[in-house]
file query_5.cif (mmCIF, C-alpha atoms)
data_target
#
loop_
_atom_site.group_PDB
_atom_site.id
_atom_site.type_symbol
_atom_site.label_atom_id
_atom_site.label_comp_id
_atom_site.auth_asym_id
_atom_site.auth_seq_id
_atom_site.Cartn_x
_atom_site.Cartn_y
_atom_site.Cartn_z
ATOM 1 C CA MET A 215 97.340 140.736 52.016
ATOM 2 C CA LYS A 216 95.799 142.742 49.173
ATOM 3 C CA PRO A 217 98.037 145.680 48.160
ATOM 4 C CA ASN A 218 95.323 148.311 48.741
ATOM 5 C CA ILE A 219 94.878 147.117 52.344
ATOM 6 C CA ARG A 220 98.619 147.338 52.989
ATOM 7 C CA ILE A 221 98.731 150.847 51.536
ATOM 8 C CA TRP A 222 95.786 151.872 53.734
ATOM 9 C CA ILE A 223 97.535 150.543 56.848
ATOM 10 C CA GLY A 224 100.699 152.378 55.828
ATOM 11 C CA ILE A 225 98.775 155.642 55.502
ATOM 12 C CA LEU A 226 97.315 155.187 58.957
ATOM 13 C CA CYS A 227 100.763 154.545 60.399
ATOM 14 C CA SER A 228 102.107 157.701 58.765
ATOM 15 C CA LEU A 229 99.767 159.765 60.926
ATOM 16 C CA GLN A 230 101.365 161.193 64.056
ATOM 17 C CA LEU A 231 104.772 159.976 62.890
ATOM 18 C CA SER A 232 106.503 160.517 66.195
ATOM 19 C CA ALA A 233 103.900 158.559 68.159
ATOM 20 C CA GLN A 234 104.496 154.953 68.987
ATOM 21 C CA LYS A 235 101.647 152.721 67.910
ATOM 22 C CA LEU A 236 99.910 149.591 69.062
ATOM 23 C CA MET A 237 98.553 147.467 66.220
ATOM 24 C CA VAL A 238 96.035 144.632 66.532
ATOM 25 C CA LEU A 239 97.235 141.569 64.592
ATOM 26 C CA GLY A 240 94.406 139.290 65.706
ATOM 27 C CA ARG A 241 91.439 139.219 68.066
ATOM 28 C CA ALA A 242 90.347 135.557 68.227
ATOM 29 C CA GLN A 243 90.568 133.127 71.139
ATOM 30 C CA ASP A 244 93.471 130.656 71.051
ATOM 31 C CA ALA A 245 91.946 128.206 68.564
ATOM 32 C CA GLY A 246 91.020 130.884 66.036
ATOM 33 C CA LYS A 247 88.016 131.103 63.742
ATOM 34 C CA PRO A 248 86.942 128.822 62.149
ATOM 35 C CA GLN A 249 87.699 126.435 64.979
ATOM 36 C CA LEU A 250 88.646 122.799 64.469
ATOM 37 C CA GLY A 251 85.676 120.457 64.896
ATOM 38 C CA CYS A 252 82.999 123.153 64.931
ATOM 39 C CA GLU A 253 80.070 122.404 62.617
ATOM 40 C CA LYS A 254 78.015 125.473 63.495
ATOM 41 C CA GLU A 255 77.292 128.304 61.104
ATOM 42 C CA CYS A 256 80.093 130.415 62.591
ATOM 43 C CA CYS A 257 82.710 127.990 61.227
ATOM 44 C CA GLN A 258 81.248 126.926 57.895
ATOM 45 C CA PRO A 259 83.405 127.178 54.739
ATOM 46 C CA GLY A 260 83.570 130.737 53.487
ATOM 47 C CA VAL A 261 83.121 132.461 56.838
ATOM 48 C CA THR A 262 85.440 135.332 57.658
ATOM 49 C CA LYS A 263 88.631 134.071 59.277
ATOM 50 C CA GLY A 264 89.580 135.345 62.718
ATOM 51 C CA ASN A 265 93.280 135.380 63.509
ATOM 52 C CA VAL A 266 94.374 134.524 67.051
ATOM 53 C CA VAL A 267 94.989 137.393 69.456
ATOM 54 C CA SER A 268 98.285 139.241 69.017
ATOM 55 C CA LEU A 269 99.593 142.824 69.030
ATOM 56 C CA ALA A 270 102.534 144.695 67.541
ATOM 57 C CA TRP A 271 104.114 147.684 69.251
ATOM 58 C CA LEU A 272 105.457 149.878 66.439
ATOM 59 C CA GLU A 273 108.222 152.443 66.965
ATOM 60 C CA PRO A 274 108.334 154.751 63.902
ATOM 61 C CA ASP A 275 111.458 156.624 65.034
ATOM 62 C CA SER A 276 113.574 153.474 64.739
ATOM 63 C CA ALA A 277 111.393 151.450 62.334
ATOM 64 C CA GLN A 278 111.545 148.635 64.913
ATOM 65 C CA TRP A 279 108.640 146.736 66.418
ATOM 66 C CA THR A 280 107.862 144.298 69.205
ATOM 67 C CA LEU A 281 105.530 141.305 69.043
ATOM 68 C CA ILE A 282 103.133 140.760 71.951
ATOM 69 C CA GLU A 283 101.798 137.168 71.917
ATOM 70 C CA ALA A 284 103.232 134.639 69.451
ATOM 71 C CA SER A 285 100.076 133.133 67.988
ATOM 72 C CA PRO A 286 99.815 130.138 65.643
ATOM 73 C CA ASP A 287 98.780 132.644 62.938
ATOM 74 C CA ILE A 288 102.132 134.412 63.221
ATOM 75 C CA SER A 289 103.224 133.994 59.580
ATOM 76 C CA GLU A 290 100.081 135.627 58.227
ATOM 77 C CA GLN A 291 100.083 138.293 60.924
ATOM 78 C CA PHE A 292 103.616 139.436 60.069
ATOM 79 C CA GLN A 293 102.249 140.472 56.671
ATOM 80 C CA LEU A 294 100.265 143.180 58.450
ATOM 81 C CA ILE A 295 103.386 145.011 59.623
ATOM 82 C CA PRO A 296 103.604 148.205 57.540
ATOM 83 C CA GLN A 297 106.279 148.639 54.902
ATOM 84 C CA GLY A 298 109.374 150.419 56.147
ATOM 85 C CA TYR A 299 109.574 148.495 59.412
ATOM 86 C CA ALA A 300 112.082 145.748 60.150
ATOM 87 C CA ARG A 301 111.170 142.350 58.726
ATOM 88 C CA LEU A 302 111.292 140.682 62.136
ATOM 89 C CA PRO A 303 110.479 142.026 65.622
ATOM 90 C CA LYS A 304 113.229 143.271 67.890
ATOM 91 C CA ALA A 305 111.685 141.315 70.783
ATOM 92 C CA VAL A 306 108.764 139.023 71.648
ATOM 93 C CA TYR A 307 106.535 138.962 74.736
ATOM 94 C CA VAL A 308 104.332 135.975 75.603
ATOM 95 C CA SER A 309 101.839 135.956 78.456
ATOM 96 C CA HIS A 310 101.293 132.279 79.284
ATOM 97 C CA ALA A 311 101.358 128.656 78.158
ATOM 98 C CA HIS A 312 98.002 128.349 76.424
ATOM 99 C CA ILE A 313 98.191 127.458 72.753
ATOM 100 C CA GLY A 314 97.173 130.766 71.193
ATOM 101 C CA HIS A 315 99.775 132.799 73.040
ATOM 102 C CA TYR A 316 103.090 131.009 72.539
ATOM 103 C CA THR A 317 102.958 128.287 69.873
ATOM 104 C CA GLY A 318 103.970 130.782 67.187
ATOM 105 C CA LEU A 319 107.441 130.668 68.717
ATOM 106 C CA MET A 320 108.086 127.546 66.639
ATOM 107 C CA TYR A 321 108.377 129.701 63.521
ATOM 108 C CA PHE A 322 111.506 131.344 64.877
ATOM 109 C CA GLY A 323 113.258 127.951 64.738
ATOM 110 C CA ARG A 324 115.562 126.505 62.108
ATOM 111 C CA GLU A 325 112.682 124.927 60.161
ATOM 112 C CA ALA A 326 111.382 128.456 59.545
ATOM 113 C CA CYS A 327 113.077 131.896 59.808
ATOM 114 C CA ASN A 328 115.923 130.678 62.063
ATOM 115 C CA THR A 329 116.416 133.812 64.153
ATOM 116 C CA HIS A 330 119.533 134.406 66.257
ATOM 117 C CA LEU A 331 119.184 135.343 69.933
ATOM 118 C CA LEU A 332 115.836 137.070 69.448
ATOM 119 C CA PRO A 333 114.899 138.373 72.928
ATOM 120 C CA LEU A 334 111.910 136.591 74.474
ATOM 121 C CA PHE A 335 110.255 138.114 77.538
ATOM 122 C CA CYS A 336 107.975 135.911 79.640
ATOM 123 C CA GLY A 337 107.208 134.958 83.227
ATOM 124 C CA GLU A 338 109.602 132.887 85.333
ATOM 125 C CA ARG A 339 107.417 129.759 85.294
ATOM 126 C CA MET A 340 106.886 130.190 81.566
ATOM 127 C CA ALA A 341 110.650 130.365 81.039
ATOM 128 C CA GLU A 342 111.093 127.122 82.963
ATOM 129 C CA PHE A 343 108.317 125.439 80.964
ATOM 130 C CA LEU A 344 109.897 126.427 77.646
ATOM 131 C CA THR A 345 113.452 125.411 78.546
ATOM 132 C CA GLN A 346 112.471 122.084 80.142
ATOM 133 C CA ASN A 347 110.149 120.840 77.371
ATOM 134 C CA GLY A 348 110.712 120.058 73.723
ATOM 135 C CA PRO A 349 110.380 121.184 71.049
ATOM 136 C CA TRP A 350 110.589 124.619 72.686
ATOM 137 C CA SER A 351 113.892 123.878 74.415
ATOM 138 C CA GLN A 352 115.572 123.527 71.016
ATOM 139 C CA LEU A 353 114.890 127.197 70.317
ATOM 140 C CA PHE A 354 117.298 128.060 73.127
ATOM 141 C CA GLU A 355 119.787 125.277 72.478
ATOM 142 C CA LEU A 356 120.178 126.542 68.896
ATOM 143 C CA GLN A 357 120.143 130.168 70.086
ATOM 144 C CA ASN A 358 117.108 131.136 68.052
ATOM 145 C CA LEU A 359 115.707 132.831 71.158
ATOM 146 C CA LYS A 360 117.278 134.387 74.232
ATOM 147 C CA LEU A 361 115.233 134.266 77.442
ATOM 148 C CA HIS A 362 114.496 137.271 79.619
ATOM 149 C CA PRO A 363 112.357 135.950 82.509
ATOM 150 C CA GLN A 364 110.192 138.565 84.218
ATOM 151 C CA LYS A 365 109.274 138.490 87.873
ATOM 152 C CA ALA A 366 106.096 140.636 87.575
ATOM 153 C CA SER A 367 106.011 141.364 91.290
ATOM 154 C CA LEU A 368 104.020 144.610 91.213
ATOM 155 C CA LYS A 369 100.260 144.904 91.016
ATOM 156 C CA ALA A 370 98.900 146.685 87.952
ATOM 157 C CA ALA A 371 97.625 149.619 90.009
ATOM 158 C CA ASP A 372 101.053 150.147 91.575
ATOM 159 C CA LEU A 373 102.799 149.644 88.251
ATOM 160 C CA ILE A 374 100.773 152.387 86.563
ATOM 161 C CA THR A 375 101.867 154.927 89.166
ATOM 162 C CA GLN A 376 105.540 154.105 88.550
ATOM 163 C CA LEU A 377 105.698 154.297 84.759
ATOM 164 C CA ASP A 378 108.420 156.757 83.849
ATOM 165 C CA SER A 379 109.436 155.810 80.326
ATOM 166 C CA ALA A 380 107.981 154.219 77.213
ATOM 167 C CA GLY A 381 107.965 150.436 77.317
ATOM 168 C CA ILE A 382 106.065 147.212 77.912
ATOM 169 C CA TYR A 383 105.345 146.386 81.549
ATOM 170 C CA VAL A 384 103.872 143.156 82.930
ATOM 171 C CA PHE A 385 101.769 142.082 85.884
ATOM 172 C CA LYS A 386 100.113 138.830 86.933
ATOM 173 C CA VAL A 387 96.433 137.975 86.604
ATOM 174 C CA PRO A 388 94.522 134.905 87.841
ATOM 175 C CA HIS A 389 93.934 132.301 85.160
ATOM 176 C CA ARG A 390 94.224 128.546 84.641
ATOM 177 C CA ASP A 391 97.947 128.372 85.318
ATOM 178 C CA GLU A 392 98.575 124.703 84.519
ATOM 179 C CA PHE A 393 102.074 125.200 83.099
ATOM 180 C CA SER A 394 102.934 128.837 83.715
ATOM 181 C CA GLU A 395 101.803 132.013 85.389
ATOM 182 C CA THR A 396 99.578 134.343 83.326
ATOM 183 C CA LEU A 397 100.787 137.849 82.585
ATOM 184 C CA ALA A 398 98.992 140.907 81.247
ATOM 185 C CA TYR A 399 100.455 144.122 79.902
ATOM 186 C CA ILE A 400 100.663 147.866 80.230
ATOM 187 C CA ILE A 401 102.117 149.403 77.073
ATOM 188 C CA LYS A 402 103.318 152.963 77.604
ATOM 189 C CA GLY A 403 104.071 155.161 74.639
ATOM 190 C CA LYS A 404 105.330 158.736 74.479
ATOM 191 C CA SER A 405 101.958 160.254 75.348
ATOM 192 C CA LYS A 406 99.387 157.500 75.954
ATOM 193 C CA THR A 407 99.088 154.160 77.722
ATOM 194 C CA ALA A 408 97.245 150.944 76.864
ATOM 195 C CA LEU A 409 96.107 148.089 79.107
ATOM 196 C CA PHE A 410 96.049 144.603 77.524
ATOM 197 C CA ILE A 411 94.406 141.727 79.404
ATOM 198 C CA PRO A 412 93.593 139.014 76.833
ATOM 199 C CA ASP A 413 93.047 136.208 79.387
ATOM 200 C CA ILE A 414 91.784 136.365 82.961
ATOM 201 C CA ASP A 415 89.374 134.535 85.231
ATOM 202 C CA LYS A 416 86.336 136.388 86.561
ATOM 203 C CA TRP A 417 86.995 140.010 87.514
ATOM 204 C CA GLN A 418 85.766 139.368 91.061
ATOM 205 C CA LEU A 419 88.464 136.695 91.537
ATOM 206 C CA TRP A 420 91.171 139.302 91.020
ATOM 207 C CA ASP A 421 92.468 141.369 93.918
ATOM 208 C CA GLU A 422 92.571 144.501 91.762
ATOM 209 C CA ASP A 423 89.887 146.931 90.595
ATOM 210 C CA ILE A 424 89.552 146.716 86.816
ATOM 211 C CA VAL A 425 87.299 149.784 86.764
ATOM 212 C CA GLU A 426 90.012 151.917 88.354
ATOM 213 C CA LEU A 427 92.600 150.512 85.949
ATOM 214 C CA VAL A 428 90.467 151.435 82.936
ATOM 215 C CA GLN A 429 90.185 154.959 84.301
ATOM 216 C CA ALA A 430 93.971 155.167 84.681
ATOM 217 C CA VAL A 431 94.819 154.388 81.027
ATOM 218 C CA ASP A 432 93.910 155.687 77.578
ATOM 219 C CA TYR A 433 92.948 152.331 76.020
ATOM 220 C CA ALA A 434 91.889 149.003 77.519
ATOM 221 C CA LEU A 435 91.891 145.810 75.433
ATOM 222 C CA LEU A 436 90.034 143.315 77.596
ATOM 223 C CA ASP A 437 89.153 139.614 77.615
ATOM 224 C CA ALA A 438 85.823 139.027 75.843
ATOM 225 C CA THR A 439 86.116 135.291 75.171
ATOM 226 C CA PHE A 440 82.438 134.537 75.771
ATOM 227 C CA TYR A 441 79.438 136.814 75.467
ATOM 228 C CA ASN A 442 77.331 135.000 78.061
ATOM 229 C CA ALA A 443 76.883 131.696 79.903
ATOM 230 C CA GLU A 444 74.626 130.172 77.221
ATOM 231 C CA GLU A 445 77.215 130.310 74.487
ATOM 232 C CA LEU A 446 78.556 126.725 74.727
ATOM 233 C CA PRO A 447 75.704 124.290 75.447
ATOM 234 C CA GLY A 448 76.948 121.092 77.064
ATOM 235 C CA ARG A 449 80.230 122.618 78.286
ATOM 236 C CA ASP A 450 80.973 123.251 81.949
ATOM 237 C CA MET A 451 81.830 126.942 81.798
ATOM 238 C CA SER A 452 83.449 126.776 85.235
ATOM 239 C CA GLU A 453 86.291 124.808 83.624
ATOM 240 C CA ILE A 454 87.055 127.698 81.270
ATOM 241 C CA PRO A 455 86.357 130.799 83.374
ATOM 242 C CA HIS A 456 86.440 134.186 81.696
ATOM 243 C CA PRO A 457 84.508 137.405 82.327
ATOM 244 C CA PHE A 458 81.386 137.180 80.169
ATOM 245 C CA VAL A 459 80.945 140.319 78.104
ATOM 246 C CA VAL A 460 77.553 140.880 79.726
ATOM 247 C CA GLU A 461 79.250 140.736 83.144
ATOM 248 C CA SER A 462 81.924 143.194 82.077
ATOM 249 C CA MET A 463 79.376 145.629 80.692
ATOM 250 C CA ALA A 464 77.383 145.493 83.925
ATOM 251 C CA LEU A 465 80.573 146.291 85.815
ATOM 252 C CA PHE A 466 81.571 149.179 83.548
ATOM 253 C CA ASP A 467 78.106 150.635 82.947
ATOM 254 C CA PRO A 468 78.450 153.296 85.712
ATOM 255 C CA LEU A 469 81.374 154.826 83.775
ATOM 256 C CA ASP A 470 80.703 157.853 81.593
ATOM 257 C CA ALA A 471 80.769 157.648 77.800
ATOM 258 C CA GLU A 472 84.398 158.775 77.503
ATOM 259 C CA GLU A 473 85.616 156.051 79.856
ATOM 260 C CA LYS A 474 83.523 153.340 78.188
ATOM 261 C CA ALA A 475 84.958 154.300 74.805
ATOM 262 C CA LYS A 476 88.407 153.295 76.072
ATOM 263 C CA ILE A 477 87.297 149.657 76.301
ATOM 264 C CA HIS A 478 87.937 147.471 73.265
ATOM 265 C CA PHE A 479 86.837 143.857 73.674
ATOM 266 C CA ILE A 480 89.280 141.253 72.322
ATOM 267 C CA HIS A 481 90.073 137.492 72.438
ATOM 268 C CA LEU A 482 86.696 136.345 71.055
ATOM 269 C CA ASN A 483 85.829 132.656 70.989
ATOM 270 C CA HIS A 484 84.615 131.430 67.602
ATOM 271 C CA SER A 485 81.130 131.027 69.127
ATOM 272 C CA ASN A 486 80.932 134.638 70.334
ATOM 273 C CA PRO A 487 78.033 136.476 68.605
ATOM 274 C CA LEU A 488 80.141 139.656 68.568
ATOM 275 C CA TRP A 489 81.803 138.349 65.399
ATOM 276 C CA ASN A 490 78.536 139.188 63.628
ATOM 277 C CA PRO A 491 77.870 142.947 63.258
ATOM 278 C CA GLN A 492 74.204 142.154 62.627
ATOM 279 C CA SER A 493 73.724 140.274 65.906
ATOM 280 C CA GLU A 494 71.760 141.694 68.813
ATOM 281 C CA ALA A 495 74.830 141.215 70.999
ATOM 282 C CA PHE A 496 76.963 143.399 68.734
ATOM 283 C CA LYS A 497 74.279 146.074 68.597
ATOM 284 C CA GLU A 498 73.975 146.063 72.402
ATOM 285 C CA VAL A 499 77.716 146.480 72.925
ATOM 286 C CA GLU A 500 77.798 149.325 70.418
ATOM 287 C CA ALA A 501 74.709 151.000 71.877
ATOM 288 C CA LYS A 502 76.235 150.954 75.351
ATOM 289 C CA GLY A 503 79.307 152.800 74.076
ATOM 290 C CA TYR A 504 81.881 149.997 74.121
ATOM 291 C CA ARG A 505 84.061 148.983 71.190
ATOM 292 C CA LEU A 506 85.504 145.863 69.618
ATOM 293 C CA ALA A 507 89.134 145.487 68.645
ATOM 294 C CA TRP A 508 89.643 144.602 64.976
ATOM 295 C CA LYS A 509 92.509 143.258 62.899
ATOM 296 C CA GLY A 510 94.659 146.086 61.601
ATOM 297 C CA GLN A 511 93.413 148.579 64.197
ATOM 298 C CA ILE A 512 96.014 151.094 65.338
ATOM 299 C CA PHE A 513 96.190 152.971 68.631
ATOM 300 C CA ASN A 514 98.508 155.967 68.722
ATOM 301 C CA LEU A 515 100.570 155.942 71.891
#
call {"tool": "encode", "arguments": {"input": "query_5.cif", "output": "structure tokens"}}
result
Amino acid sequence: MKPNIRIWIGILCSLQLSAQKLMVLGRAQDAGKPQLGCEKECCQPGVTKGNVVSLAWLEPDSAQWTLIEASPDISEQFQLIPQGYARLPKAVYVSHAHIGHYTGLMYFGREACNTHLLPLFCGERMAEFLTQNGPWSQLFELQNLKLHPQKASLKAADLITQLDSAGIYVFKVPHRDEFSETLAYIIKGKSKTALFIPDIDKWQLWDEDIVELVQAVDYALLDATFYNAEELPGRDMSEIPHPFVVESMALFDPLDAEEKAKIHFIHLNHSNPLWNPQSEAFKEVEAKGYRLAWKGQIFNL
């Protein structure tokens, strides 16, 4: 990272010193940007890189931080953590067993930073997947990581009503659960709360009301993998279901401007036109009052 960028991030983090902070370390879909095998303009040499989706929950009072999603870009993303914080996270949360969300765990092993009993929070099926399959199982055999399986039995709407202290809370969402369940997060700080749903199937396939959830929090970082159904010609989009951004906007359009401004779209596929600030898609999202998450962005909690 260039020194002036790191200084700028440090200045931002010095604001509201007592507030806990949520920092965006990446906003790309699992395979990143540029994406392997893509020959389109969006992935040509020289295009702006997009790091895979990941967040850091920063706690200024203790100078500790927690990693949410262990992406394959983890080494580069750790360079974004402001000076003065611990070199490594105090804990890691991973949502599910798709490549962009957990494969960064390998860098905690003995070939890399060789951590000792670093707490790892994940779903029960995810814990079984990791401990029963190599090379992940070696991380526990060598005590690089210590598992903390989470049951995630409450619905998000019920969970929000029961938050009584700062922390990271999980709930299940419907997704392609080939190897594990899929979790999403509510991150509660001292004064504000964020909702983080990087991966989910269509909103209408969920037995919860995403509109009501957005209204119940201060920030909502939501799955925006694809802008619309025409984005990947030749692909069966039913095999990779996500809420299209145009579908999400239609759902949220009845909200007033203040509520819409809570929504920050994240987890963009390399093909998503929202990467380009000059695109009509980007201009439409902005005109409607929604926002895009960006690397280095900080939310005061």
call {"tool": "residues_around", "arguments": {"input": "query_5.cif", "residues": "A:Thr280", "least_positions_apart": "5", "cutoff": "8 Å", "atoms": "all atoms listed in the file", "output": "list of chain:residue names"}}
result
A:Ala270, A:Trp271, A:Leu272, A:Pro303, A:Lys304, A:Ala305, A:Val306, A:Tyr307
call {"tool": "resolve_selection", "arguments": {"input": "query_5.cif", "expression": "the PyMOL selection byres ((chain A and resi 486-503) around 6)", "output": "list in words"}}
result
Phe440, Tyr441, Lys474, Ala475, Asn483, His484, Ser485 and Tyr504 of chain A
call {"tool": "write_last_selection", "arguments": {"input": "query_5.cif", "atoms": "C-alpha atoms", "output": "PDB file, in the coordinates of the input"}}
result
ATOM      1  CA  PHE A 440      82.438 134.537  75.771  1.00  0.00           C
ATOM      2  CA  TYR A 441      79.438 136.814  75.467  1.00  0.00           C
ATOM      3  CA  LYS A 474      83.523 153.340  78.188  1.00  0.00           C
ATOM      4  CA  ALA A 475      84.958 154.300  74.805  1.00  0.00           C
ATOM      5  CA  ASN A 483      85.829 132.656  70.989  1.00  0.00           C
ATOM      6  CA  HIS A 484      84.615 131.430  67.602  1.00  0.00           C
ATOM      7  CA  SER A 485      81.130 131.027  69.127  1.00  0.00           C
ATOM      8  CA  TYR A 504      81.881 149.997  74.121  1.00  0.00           C
TER       9      TYR A 504
END
call {"tool": "residues_around", "arguments": {"input": "query_5.cif", "residues": "stretch 416-428 of chain A", "least_positions_apart": "2", "cutoff": "9 Å", "atoms": "all atoms listed in the file", "output": "PyMOL selection string"}}
result
chain A and resi 369-371+374+387-389+409+414+430-434+455-458+461-462+465-466+469+473-474+476-477
call {"tool": "closest_residue", "arguments": {"input": "query_5.cif", "among": "A:Asp275, A:Leu294, A:Leu239, A:Val267", "to": "A:Tyr316", "atoms": "all atoms listed in the file"}}
result
A:Val267
call {"tool": "residues_around", "arguments": {"input": "query_5.cif", "residues": "A:Pro259", "least_positions_apart": "6", "cutoff": "12 Å", "atoms": "all atoms listed in the file", "output": "VMD selection string"}}
result
chain A and resid 247 to 250 252 to 253
call {"tool": "closest_residue", "arguments": {"input": "query_5.cif", "among": "A:Pro286, A:Pro333, A:Gly251, A:Gly246", "to": "A:Tyr321", "atoms": "only C-alpha atoms"}}
result
A:Pro286
call {"tool": "atom_distance", "arguments": {"input": "query_5.cif", "atom1": "atom CA of A:Met340", "atom2": "atom CA of A:Phe393"}}
result
7.1 Å
call {"tool": "closest_residue", "arguments": {"input": "query_5.cif", "among": "A:Leu359, A:Leu281, A:Ile288, A:Ala242", "to": "A:Asp437", "atoms": "only C-alpha atoms"}}
result
A:Ala242
call {"tool": "closest_residue", "arguments": {"input": "query_5.cif", "among": "A:Arg241, A:His312, A:Lys386, A:Arg449", "to": "A:Gly264", "atoms": "all atoms listed in the file"}}
result
A:Arg241
call {"tool": "resolve_selection", "arguments": {"input": "query_5.cif", "expression": "the PyMOL selection byres ((chain A and resi 364) around 8)", "output": "PyMOL selection string"}}
result
chain A and resi 335-338+362-363+365-366+384
call {"tool": "closest_residue", "arguments": {"input": "query_5.cif", "among": "A:Ala380, A:Leu331, A:Ala438, A:Leu368", "to": "A:Ile411", "atoms": "only C-alpha atoms"}}
result
A:Ala438
call {"tool": "atom_distance", "arguments": {"input": "query_5.cif", "atom1": "atom CA of A:Leu344", "atom2": "atom CA of A:Leu319"}}
result
10.2 Å
call {"tool": "build_atoms", "arguments": {"input": "query_5.cif", "residues": "stretch 303-317 of chain A", "atoms": "N, CA, C and O atoms", "output": "mmCIF file, keeping the file's coordinate frame"}}
result
data_model
loop_
_atom_site.group_PDB
_atom_site.id
_atom_site.type_symbol
_atom_site.label_atom_id
_atom_site.label_comp_id
_atom_site.auth_asym_id
_atom_site.auth_seq_id
_atom_site.Cartn_x
_atom_site.Cartn_y
_atom_site.Cartn_z
ATOM 1 N N PRO A 303 110.543 141.192 64.422
ATOM 2 C CA PRO A 303 110.479 142.026 65.622
ATOM 3 C C PRO A 303 111.821 142.100 66.322
ATOM 4 O O PRO A 303 112.667 141.216 66.187
ATOM 5 N N LYS A 304 111.994 143.160 67.113
ATOM 6 C CA LYS A 304 113.229 143.271 67.890
ATOM 7 C C LYS A 304 113.127 142.474 69.179
ATOM 8 O O LYS A 304 114.143 142.182 69.821
ATOM 9 N N ALA A 305 111.902 142.103 69.573
ATOM 10 C CA ALA A 305 111.685 141.315 70.783
ATOM 11 C C ALA A 305 110.285 140.722 70.732
ATOM 12 O O ALA A 305 109.427 141.161 69.954
ATOM 13 N N VAL A 306 110.066 139.705 71.560
ATOM 14 C CA VAL A 306 108.764 139.023 71.648
ATOM 15 C C VAL A 306 108.372 138.912 73.117
ATOM 16 O O VAL A 306 109.212 138.590 73.972
ATOM 17 N N TYR A 307 107.099 139.160 73.405
ATOM 18 C CA TYR A 307 106.535 138.962 74.736
ATOM 19 C C TYR A 307 105.433 137.918 74.635
ATOM 20 O O TYR A 307 104.579 137.989 73.734
ATOM 21 N N VAL A 308 105.431 136.932 75.536
ATOM 22 C CA VAL A 308 104.332 135.975 75.603
ATOM 23 C C VAL A 308 103.803 135.927 77.029
ATOM 24 O O VAL A 308 104.558 135.991 77.990
ATOM 25 N N SER A 309 102.481 135.813 77.149
ATOM 26 C CA SER A 309 101.839 135.956 78.456
ATOM 27 C C SER A 309 101.738 134.654 79.235
ATOM 28 O O SER A 309 101.882 134.662 80.460
ATOM 29 N N HIS A 310 101.479 133.527 78.549
ATOM 30 C CA HIS A 310 101.293 132.279 79.284
ATOM 31 C C HIS A 310 101.275 131.086 78.337
ATOM 32 O O HIS A 310 101.303 131.245 77.112
ATOM 33 N N ALA A 311 101.209 129.898 78.917
ATOM 34 C CA ALA A 311 101.358 128.656 78.158
ATOM 35 C C ALA A 311 100.028 128.052 77.731
ATOM 36 O O ALA A 311 99.771 126.870 77.937
ATOM 37 N N HIS A 312 99.176 128.862 77.123
ATOM 38 C CA HIS A 312 98.002 128.349 76.424
ATOM 39 C C HIS A 312 98.240 128.541 74.928
ATOM 40 O O HIS A 312 98.887 129.515 74.507
ATOM 41 N N ILE A 313 97.710 127.649 74.119
ATOM 42 C CA ILE A 313 98.191 127.458 72.753
ATOM 43 C C ILE A 313 98.184 128.708 71.870
ATOM 44 O O ILE A 313 99.042 128.854 71.007
ATOM 45 N N GLY A 314 97.242 129.606 72.059
ATOM 46 C CA GLY A 314 97.173 130.766 71.193
ATOM 47 C C GLY A 314 98.196 131.831 71.480
ATOM 48 O O GLY A 314 98.361 132.760 70.689
ATOM 49 N N HIS A 315 98.924 131.709 72.589
ATOM 50 C CA HIS A 315 99.775 132.799 73.040
ATOM 51 C C HIS A 315 101.271 132.545 72.870
ATOM 52 O O HIS A 315 102.054 133.480 72.968
ATOM 53 N N TYR A 316 101.658 131.272 72.644
ATOM 54 C CA TYR A 316 103.090 131.009 72.539
ATOM 55 C C TYR A 316 103.493 130.052 71.427
ATOM 56 O O TYR A 316 104.682 129.975 71.076
ATOM 57 N N THR A 317 102.550 129.315 70.836
ATOM 58 C CA THR A 317 102.958 128.287 69.873
ATOM 59 C C THR A 317 103.542 128.864 68.590
ATOM 60 O O THR A 317 104.213 128.153 67.837
#
